[in-house]
>>> print(open('work00.cif').read())   # mmCIF, C-alpha atoms
data_entry
#
loop_
_atom_site.label_atom_id
_atom_site.label_comp_id
_atom_site.auth_asym_id
_atom_site.auth_seq_id
_atom_site.Cartn_x
_atom_site.Cartn_y
_atom_site.Cartn_z
CA MET A 997 -19.43 8.81 -7.99
CA THR A 998 -19.97 11.49 -5.39
CA THR A 999 -23.10 13.56 -5.94
CA ARG A 1000 -22.42 17.26 -5.88
CA SER A 1001 -24.67 20.17 -5.20
CA PRO A 1002 -24.55 23.12 -7.60
CA LEU A 1003 -22.21 25.80 -6.33
CA PRO A 1004 -24.06 28.89 -5.17
CA GLY A 1005 -22.86 32.43 -5.60
CA ILE A 1006 -20.02 33.32 -3.26
CA VAL A 1007 -21.55 35.25 -0.38
CA LEU A 1008 -19.02 36.65 2.07
CA PRO A 1009 -20.84 38.67 4.71
CA VAL A 1010 -17.96 38.29 7.14
CA LEU A 1011 -15.15 38.55 4.58
CA ILE A 1012 -14.92 42.17 3.76
CA LEU A 1013 -12.87 41.98 1.53
CA ALA A 1014 1.62 16.28 -27.54
CA ALA A 1015 2.37 16.82 -31.30
CA LEU A 1016 0.51 19.62 -33.04
CA ALA A 1017 -2.29 17.19 -33.88
CA LEU A 1018 -3.12 15.89 -30.47
CA GLY A 1019 -5.84 13.72 -31.90
CA SER A 1020 -3.05 11.26 -32.78
CA LEU A 1021 -1.05 11.84 -29.60
CA PRO A 1022 -0.33 8.56 -27.78
CA PRO A 1023 -0.57 8.34 -24.00
CA CYS A 1024 2.37 10.15 -22.36
CA ALA A 1025 5.14 7.65 -21.70
CA ASP A 1026 6.01 9.38 -18.43
CA ALA A 1027 2.43 10.00 -17.32
CA PRO A 1028 1.71 8.51 -13.90
CA ALA A 1029 0.11 5.08 -13.87
CA GLN A 1030 -0.15 5.11 -10.09
CA LEU A 1031 -1.19 7.37 -7.24
CA LEU A 1032 -0.36 6.90 -3.58
CA ASP A 1033 -3.63 7.08 -1.64
CA LEU A 1034 -2.73 8.76 1.64
CA ARG A 1035 -5.86 7.45 3.37
CA THR A 1036 -4.79 3.83 2.90
CA SER A 1037 -1.03 4.25 2.28
CA ARG A 1038 -1.45 2.09 -0.81
CA GLN A 1039 -0.67 2.75 -4.44
CA ILE A 1040 -3.62 2.58 -6.79
CA ALA A 1041 -3.98 2.93 -10.53
CA LEU A 1042 -4.83 6.42 -11.73
CA ALA A 1043 -7.74 4.86 -13.61
CA ASP A 1044 -9.12 3.50 -10.34
CA ALA A 1045 -9.02 6.97 -8.79
CA LEU A 1046 -10.97 8.59 -11.63
CA PRO A 1047 -14.44 8.06 -10.06
CA VAL A 1048 -13.26 9.95 -6.97
CA LEU A 1049 -11.74 12.71 -9.09
CA ALA A 1050 -14.87 12.96 -11.24
CA GLY A 1051 -16.96 13.37 -8.11
CA ALA A 1052 -14.99 16.44 -7.05
CA ASP A 1053 -15.68 20.04 -7.96
CA LEU A 1054 -11.96 20.84 -7.96
CA VAL A 1055 -8.94 18.57 -8.32
CA LEU A 1056 -5.75 20.44 -7.48
CA VAL A 1057 -2.64 18.88 -9.02
CA GLY A 1058 0.44 20.55 -7.59
CA GLU A 1059 3.57 21.13 -9.61
CA SER A 1060 7.10 22.40 -9.53
CA HIS A 1061 6.80 24.95 -12.32
CA GLY A 1062 8.32 23.65 -15.53
CA ASP A 1063 8.80 20.07 -14.31
CA THR A 1064 7.69 18.05 -17.32
CA ARG A 1065 6.84 15.01 -15.15
CA HIS A 1066 4.39 17.07 -13.12
CA HIS A 1067 2.80 18.53 -16.24
CA ALA A 1068 2.51 15.05 -17.75
CA ALA A 1069 0.68 14.04 -14.56
CA GLN A 1070 -1.69 16.99 -14.86
CA LEU A 1071 -2.41 16.11 -18.47
CA ALA A 1072 -3.00 12.47 -17.50
CA VAL A 1073 -5.66 13.55 -15.00
CA ILE A 1074 -7.31 15.88 -17.52
CA ARG A 1075 -7.18 13.23 -20.24
CA GLY A 1076 -8.50 10.51 -17.95
CA LEU A 1077 -11.53 12.54 -16.92
CA HIS A 1078 -12.25 13.74 -20.45
CA GLU A 1079 -11.94 10.30 -22.04
CA ALA A 1080 -14.20 8.85 -19.34
CA GLY A 1081 -16.89 11.24 -20.53
CA ASP A 1082 -16.79 13.55 -17.51
CA ALA A 1083 -17.28 17.29 -17.89
CA VAL A 1084 -13.92 18.89 -17.19
CA CYS A 1085 -12.28 22.29 -17.31
CA VAL A 1086 -8.77 23.44 -16.38
CA GLY A 1087 -7.91 26.17 -13.89
CA LEU A 1088 -4.58 27.93 -14.33
CA GLU A 1089 -2.41 29.69 -11.81
CA MET A 1090 -0.38 30.72 -14.86
CA PHE A 1091 -3.03 33.11 -16.19
CA GLN A 1092 -4.52 36.14 -14.49
CA ARG A 1093 -8.31 36.20 -14.31
CA ARG A 1094 -8.42 39.51 -16.18
CA GLU A 1095 -6.95 37.77 -19.26
CA GLN A 1096 -9.76 35.23 -19.51
CA PRO A 1097 -10.73 36.49 -23.00
CA VAL A 1098 -7.33 35.29 -24.25
CA LEU A 1099 -7.99 31.76 -23.01
CA ASP A 1100 -11.49 31.83 -24.47
CA ARG A 1101 -10.07 32.81 -27.88
CA TRP A 1102 -7.52 30.00 -27.66
CA ILE A 1103 -10.12 27.33 -26.94
CA ALA A 1104 -12.32 28.69 -29.72
CA GLY A 1105 -9.43 28.36 -32.18
CA GLY A 1106 -9.18 32.10 -32.67
CA MET A 1107 -5.45 32.53 -32.09
CA SER A 1108 -2.23 30.92 -33.23
CA GLU A 1109 0.16 29.02 -31.04
CA GLU A 1110 2.67 31.85 -31.37
CA GLU A 1111 0.08 34.31 -30.08
CA MET A 1112 -0.65 32.03 -27.14
CA ARG A 1113 3.04 31.62 -26.44
CA GLU A 1114 3.37 35.39 -26.22
CA ALA A 1115 0.32 35.63 -23.95
CA PHE A 1116 1.70 32.85 -21.76
CA LEU A 1117 5.04 34.65 -21.50
CA ARG A 1118 3.23 37.85 -20.53
CA ASN A 1119 1.32 36.09 -17.78
CA TRP A 1120 3.85 33.59 -16.50
CA GLY A 1121 7.24 34.62 -17.82
CA VAL A 1122 8.76 31.22 -18.64
CA GLU A 1123 8.30 27.57 -19.57
CA TRP A 1124 5.75 27.55 -22.43
CA PRO A 1125 7.24 24.30 -23.82
CA ALA A 1126 6.58 22.51 -20.51
CA TYR A 1127 2.89 23.51 -20.57
CA ARG A 1128 2.35 23.27 -24.31
CA ASP A 1129 0.86 19.76 -24.46
CA VAL A 1130 -1.83 20.64 -21.91
CA PHE A 1131 -2.81 23.78 -23.80
CA LEU A 1132 -2.96 21.97 -27.15
CA TYR A 1133 -4.94 19.08 -25.69
CA CYS A 1134 -7.53 21.45 -24.23
CA ARG A 1135 -7.79 23.53 -27.41
CA ASP A 1136 -8.19 20.52 -29.68
CA ARG A 1137 -10.93 19.06 -27.49
CA GLY A 1138 -12.73 22.26 -26.56
CA ILE A 1139 -11.94 21.88 -22.85
CA PRO A 1140 -12.44 25.29 -21.19
CA MET A 1141 -9.45 26.89 -19.47
CA ALA A 1142 -9.86 29.41 -16.66
CA GLY A 1143 -7.39 32.05 -15.54
CA LEU A 1144 -7.35 32.00 -11.73
CA ASN A 1145 -4.56 34.30 -10.68
CA VAL A 1146 -4.77 37.79 -9.24
CA PRO A 1147 -2.65 40.57 -10.79
CA ARG A 1148 1.02 40.00 -10.08
CA GLU A 1149 1.53 43.63 -9.12
CA ILE A 1150 -0.94 43.12 -6.27
CA THR A 1151 0.80 40.16 -4.66
CA ARG A 1152 4.18 41.83 -5.11
CA LYS A 1153 3.00 44.97 -3.38
CA VAL A 1154 1.43 43.02 -0.54
CA ALA A 1155 4.68 41.07 -0.07
CA ARG A 1156 6.64 44.32 0.10
CA GLN A 1157 4.27 46.60 2.00
CA GLY A 1158 1.41 44.52 3.39
CA PHE A 1159 -2.26 44.25 2.47
CA ALA A 1160 -3.11 47.53 4.24
CA ALA A 1161 -1.00 49.40 1.69
CA LEU A 1162 -3.33 48.54 -1.21
CA THR A 1163 -5.36 51.42 -2.60
CA PRO A 1164 -9.11 51.13 -3.15
CA GLU A 1165 -8.39 50.84 -6.87
CA GLU A 1166 -6.01 47.94 -6.28
CA ILE A 1167 -8.46 46.19 -3.96
CA GLY A 1168 -11.00 46.57 -6.75
CA LEU A 1169 -8.80 44.31 -8.90
CA LEU A 1170 -9.35 41.45 -6.42
CA PRO A 1171 -12.40 39.30 -5.80
CA PRO A 1172 -14.14 39.98 -2.46
CA ILE A 1173 -11.69 38.29 -0.08
CA ALA A 1174 -10.38 38.92 3.39
CA CYS A 1175 -6.70 39.07 4.24
CA SER A 1176 -6.63 37.90 7.83
CA VAL A 1177 -3.82 35.41 8.44
CA ASP A 1178 -4.88 32.98 11.16
CA PRO A 1179 -2.36 31.03 13.28
CA ASP A 1180 -2.95 27.76 11.42
CA TYR A 1181 -2.17 29.32 8.03
CA GLU A 1182 0.92 31.04 9.41
CA ALA A 1183 2.10 27.77 10.94
CA PHE A 1184 1.56 25.98 7.63
CA LEU A 1185 3.64 28.50 5.71
CA ARG A 1186 6.35 28.61 8.34
CA GLY A 1187 6.59 24.84 8.28
CA PHE A 1188 6.56 24.78 4.49
CA THR A 1189 9.23 27.46 4.02
CA GLY A 1190 11.20 26.90 7.20
CA SER A 1191 11.20 30.68 7.59
CA ASP A 1192 12.88 32.09 10.66
CA GLY A 1193 13.52 35.54 9.24
CA HIS A 1194 12.26 38.98 10.20
CA GLN A 1195 8.73 38.68 11.58
CA GLY A 1196 7.38 41.72 9.73
CA ALA A 1197 8.65 40.43 6.40
CA PHE A 1198 7.22 36.99 7.12
CA GLU A 1199 3.83 38.47 8.01
CA ARG A 1200 3.76 40.32 4.69
CA PHE A 1201 4.76 37.11 2.91
CA CYS A 1202 1.85 35.32 4.61
CA GLU A 1203 -0.55 38.06 3.52
CA ALA A 1204 0.67 37.83 -0.07
CA GLN A 1205 0.25 34.04 -0.08
CA LEU A 1206 -3.22 34.36 1.42
CA VAL A 1207 -4.29 36.86 -1.24
CA TRP A 1208 -2.94 34.41 -3.83
CA ASP A 1209 -4.75 31.38 -2.37
CA ALA A 1210 -8.01 33.16 -1.59
CA GLY A 1211 -8.08 34.97 -4.92
CA MET A 1212 -7.57 31.79 -6.94
CA ALA A 1213 -10.18 29.98 -4.84
CA ALA A 1214 -12.75 32.71 -5.45
CA HIS A 1215 -12.02 32.85 -9.19
CA ALA A 1216 -12.26 29.05 -9.51
CA LEU A 1217 -15.61 28.91 -7.75
CA ASP A 1218 -16.90 31.82 -9.80
CA PHE A 1219 -15.95 30.04 -13.03
CA LEU A 1220 -17.58 26.79 -11.92
CA ARG A 1221 -20.83 28.28 -10.67
CA PRO A 1222 -22.57 28.36 -14.09
CA HIS A 1223 -21.32 24.83 -14.87
CA PRO A 1224 -22.69 22.42 -12.24
CA GLY A 1225 -21.31 18.93 -12.54
CA THR A 1226 -18.03 20.07 -14.09
CA THR A 1227 -14.74 19.13 -12.47
CA MET A 1228 -11.98 21.74 -12.60
CA VAL A 1229 -8.44 20.38 -12.69
CA VAL A 1230 -6.34 23.13 -11.15
CA MET A 1231 -2.73 23.44 -12.31
CA THR A 1232 -0.85 25.28 -9.59
CA GLY A 1233 2.36 25.34 -7.64
CA SER A 1234 2.50 22.66 -4.98
CA VAL A 1235 2.43 25.14 -2.08
CA HIS A 1236 -1.04 26.28 -3.19
CA ALA A 1237 -2.34 22.71 -3.60
CA TRP A 1238 -1.70 21.65 0.01
CA LYS A 1239 -4.99 21.39 1.91
CA PRO A 1240 -4.19 24.25 4.33
CA ALA A 1241 -3.68 26.59 1.34
CA MET A 1242 -6.07 27.01 -1.61
CA PRO A 1243 -8.31 24.04 -0.66
CA ASP A 1244 -8.94 25.59 2.76
CA GLN A 1245 -9.90 28.88 1.12
CA ILE A 1246 -12.31 27.00 -1.15
CA ARG A 1247 -13.84 25.38 1.94
CA ARG A 1248 -14.29 28.78 3.60
CA LEU A 1249 -15.99 30.24 0.54
CA ALA A 1250 -18.09 27.20 -0.42
CA PRO A 1251 -18.23 24.60 2.37
CA GLN A 1252 -20.20 22.19 0.20
CA ALA A 1253 -17.58 22.12 -2.57
CA VAL A 1254 -15.71 18.82 -2.95
CA THR A 1255 -11.96 19.17 -3.41
CA VAL A 1256 -9.20 16.63 -4.03
CA SER A 1257 -5.53 17.49 -3.61
CA ILE A 1258 -2.73 15.68 -5.46
CA LEU A 1259 0.89 16.55 -4.66
CA PRO A 1260 4.24 15.45 -6.05
CA GLU A 1261 5.86 13.03 -3.63
CA ILE A 1262 9.17 14.88 -3.71
CA GLY A 1263 9.06 18.63 -3.19
CA ALA A 1264 9.82 21.35 -0.70
CA GLN A 1265 8.71 19.09 2.14
CA GLY A 1266 10.99 16.27 1.08
CA LYS A 1267 9.87 12.81 2.15
CA SER A 1268 6.42 11.43 1.42
CA ALA A 1269 6.17 10.15 4.99
CA GLU A 1270 5.82 13.74 6.16
CA VAL A 1271 2.61 14.19 4.16
CA THR A 1272 -0.63 13.03 5.78
CA PRO A 1273 -4.31 13.01 4.72
CA ALA A 1274 -4.55 16.39 6.45
CA ASP A 1275 -2.16 17.72 3.79
CA ALA A 1276 -3.33 15.99 0.59
CA ASP A 1277 -5.39 13.09 -0.73
CA TYR A 1278 -2.88 11.55 -3.13
CA LEU A 1279 0.81 11.72 -3.97
CA LEU A 1280 2.50 11.26 -7.33
CA PRO A 1281 5.00 8.51 -6.45
CA GLY A 1282 8.62 9.20 -7.28
CA MET A 1283 7.95 12.70 -8.59
#
>>> encode(input="work00.cif", output="structure tokens")
Amino acid sequence: MTTRSPLPGIVLPVLILAALALGSLPPCADAPAQLLDLRTSRQIALADALPVLAGADLVLVGESHGDTRHHAAQLAVIRGLHEAGDAVCVGLEMFQRREQPVLDRWIAGGMSEEEMREAFLRNWGVEWPAYRDVFLYCRDRGIPMAGLNVPREITRKVARQGFAALTPEEIGLLPPIACSVDPDYEAFLRGFTGSDGHQGAFERFCEAQLVWDAGMAAHALDFLRPHPGTTMVVMTGSVHAWKPAMPDQIRRLAPQAVTVSILPEIGAQGKSAEVTPADADYLLPGM
């Protein structure tokens, strides 16, 4: 197992800115038994990858939102780490950081499933049934869940008007991040989306995505800092789990943090052959 250093406080001098009773739940029939290791181009058992995952600070498991196969894969990773005795928590793109008290109440058993369903709808809008097993598994086992997202009104405004249009009050709703889109990040997003539209609109899109990636990275590291030795399994859309996206922002904020990226094999990029170790560490074969 990789030895990790405790995560320090984020210092940015240059960045201005299951069934109801899951105790009897059998292993998911459609949970992945295999991962494709992009370093070796060989399939390995998920169980054999667990020491590598346990040695990471953050394991990002990308998803197509609402795809039950992807959510079964996320649960399999969480379950594998937990049942191996590793300290684990779950980071959620689906919840805004400012609603962390709701997640804390859920894990503490202080709210009903209907109340959580309503909170989930408020934060994410759709697809509670697809995420339900993960939430119940974490609640029933006391696995902490962390809201990672920035306020949706912020990313929407940036996408429409650009980061410079944010007021001081709106910037105050974000962690201390910079919004400076470098050529590599722009190239990644252009390649991912195939965008050839209006340059100004694309620049604003890049800024919104960067705020999203950098904000979630900062929130994840902030949540982990008091819990050295804990692995956070991050449930997020696949575009954020690619190494040039959220993992790169994690690296910029905390260079010593160990990250692992797992992507569905079939997604916006299409064929698995197009994905290299520079993009991810593992693929979910056939998904």
>>> resolve_selection(input="work00.cif", expression="the PyMOL selection byres ((chain A and resi 1053) around 10)", output="PyMOL selection string")
chain A and resi 998+1000-1003+1049-1052+1054-1056+1084+1216-1217+1220+1224-1229+1252-1256
>>> atom_distance(input="work00.cif", atom1="CA of Gly1196 (chain A)", atom2="CA of Ala1155 (chain A)")
10.2 Å
>>> atom_distance(input="work00.cif", atom1="CA of Leu1169 (chain A)", atom2="CA of Ala1210 (chain A)")
13.4 Å
>>> closest_residue(input="work00.cif", among="A:Asn1119, A:Gln1096, A:Thr1036, A:Thr1232", to="Pro1140 (chain A)", atoms="only C-alpha atoms")
A:Gln1096
>>> resolve_selection(input="work00.cif", expression="the PyMOL selection byres ((chain A and resi 1235) around 9)", output="ChimeraX atom specification")
/A:1058-1059,1185,1188,1232-1234,1236-1238,1241-1242,1264
>>> resolve_selection(input="work00.cif", expression="the PyMOL selection byres ((chain A and resi 1161-1168) around 12)", output="PyMOL selection string")
chain A and resi 1012-1013+1146-1160+1169-1175+1200+1203-1204+1207+1211
>>> residues_around(input="work00.cif", residues="Asp1100 (chain A)", least_positions_apart="6", cutoff="9 Å", atoms="all atoms listed in the file", output="list in words")
Gly1106, Pro1140, Met1141 and Ala1142 of chain A
>>> atom_distance(input="work00.cif", atom1="CA of Leu1031 (chain A)", atom2="CA of Val1073 (chain A)")
10.9 Å
>>> axis_aligned_box(input="work00.cif", around="region 1169-1172 of chain A", padding_each_side="8 Å", output="lines of an AutoDock Vina configuration file")
center_x = -11.5
center_y = 41.8
center_z = -5.7
size_x = 21.3
size_y = 21.0
size_z = 22.4
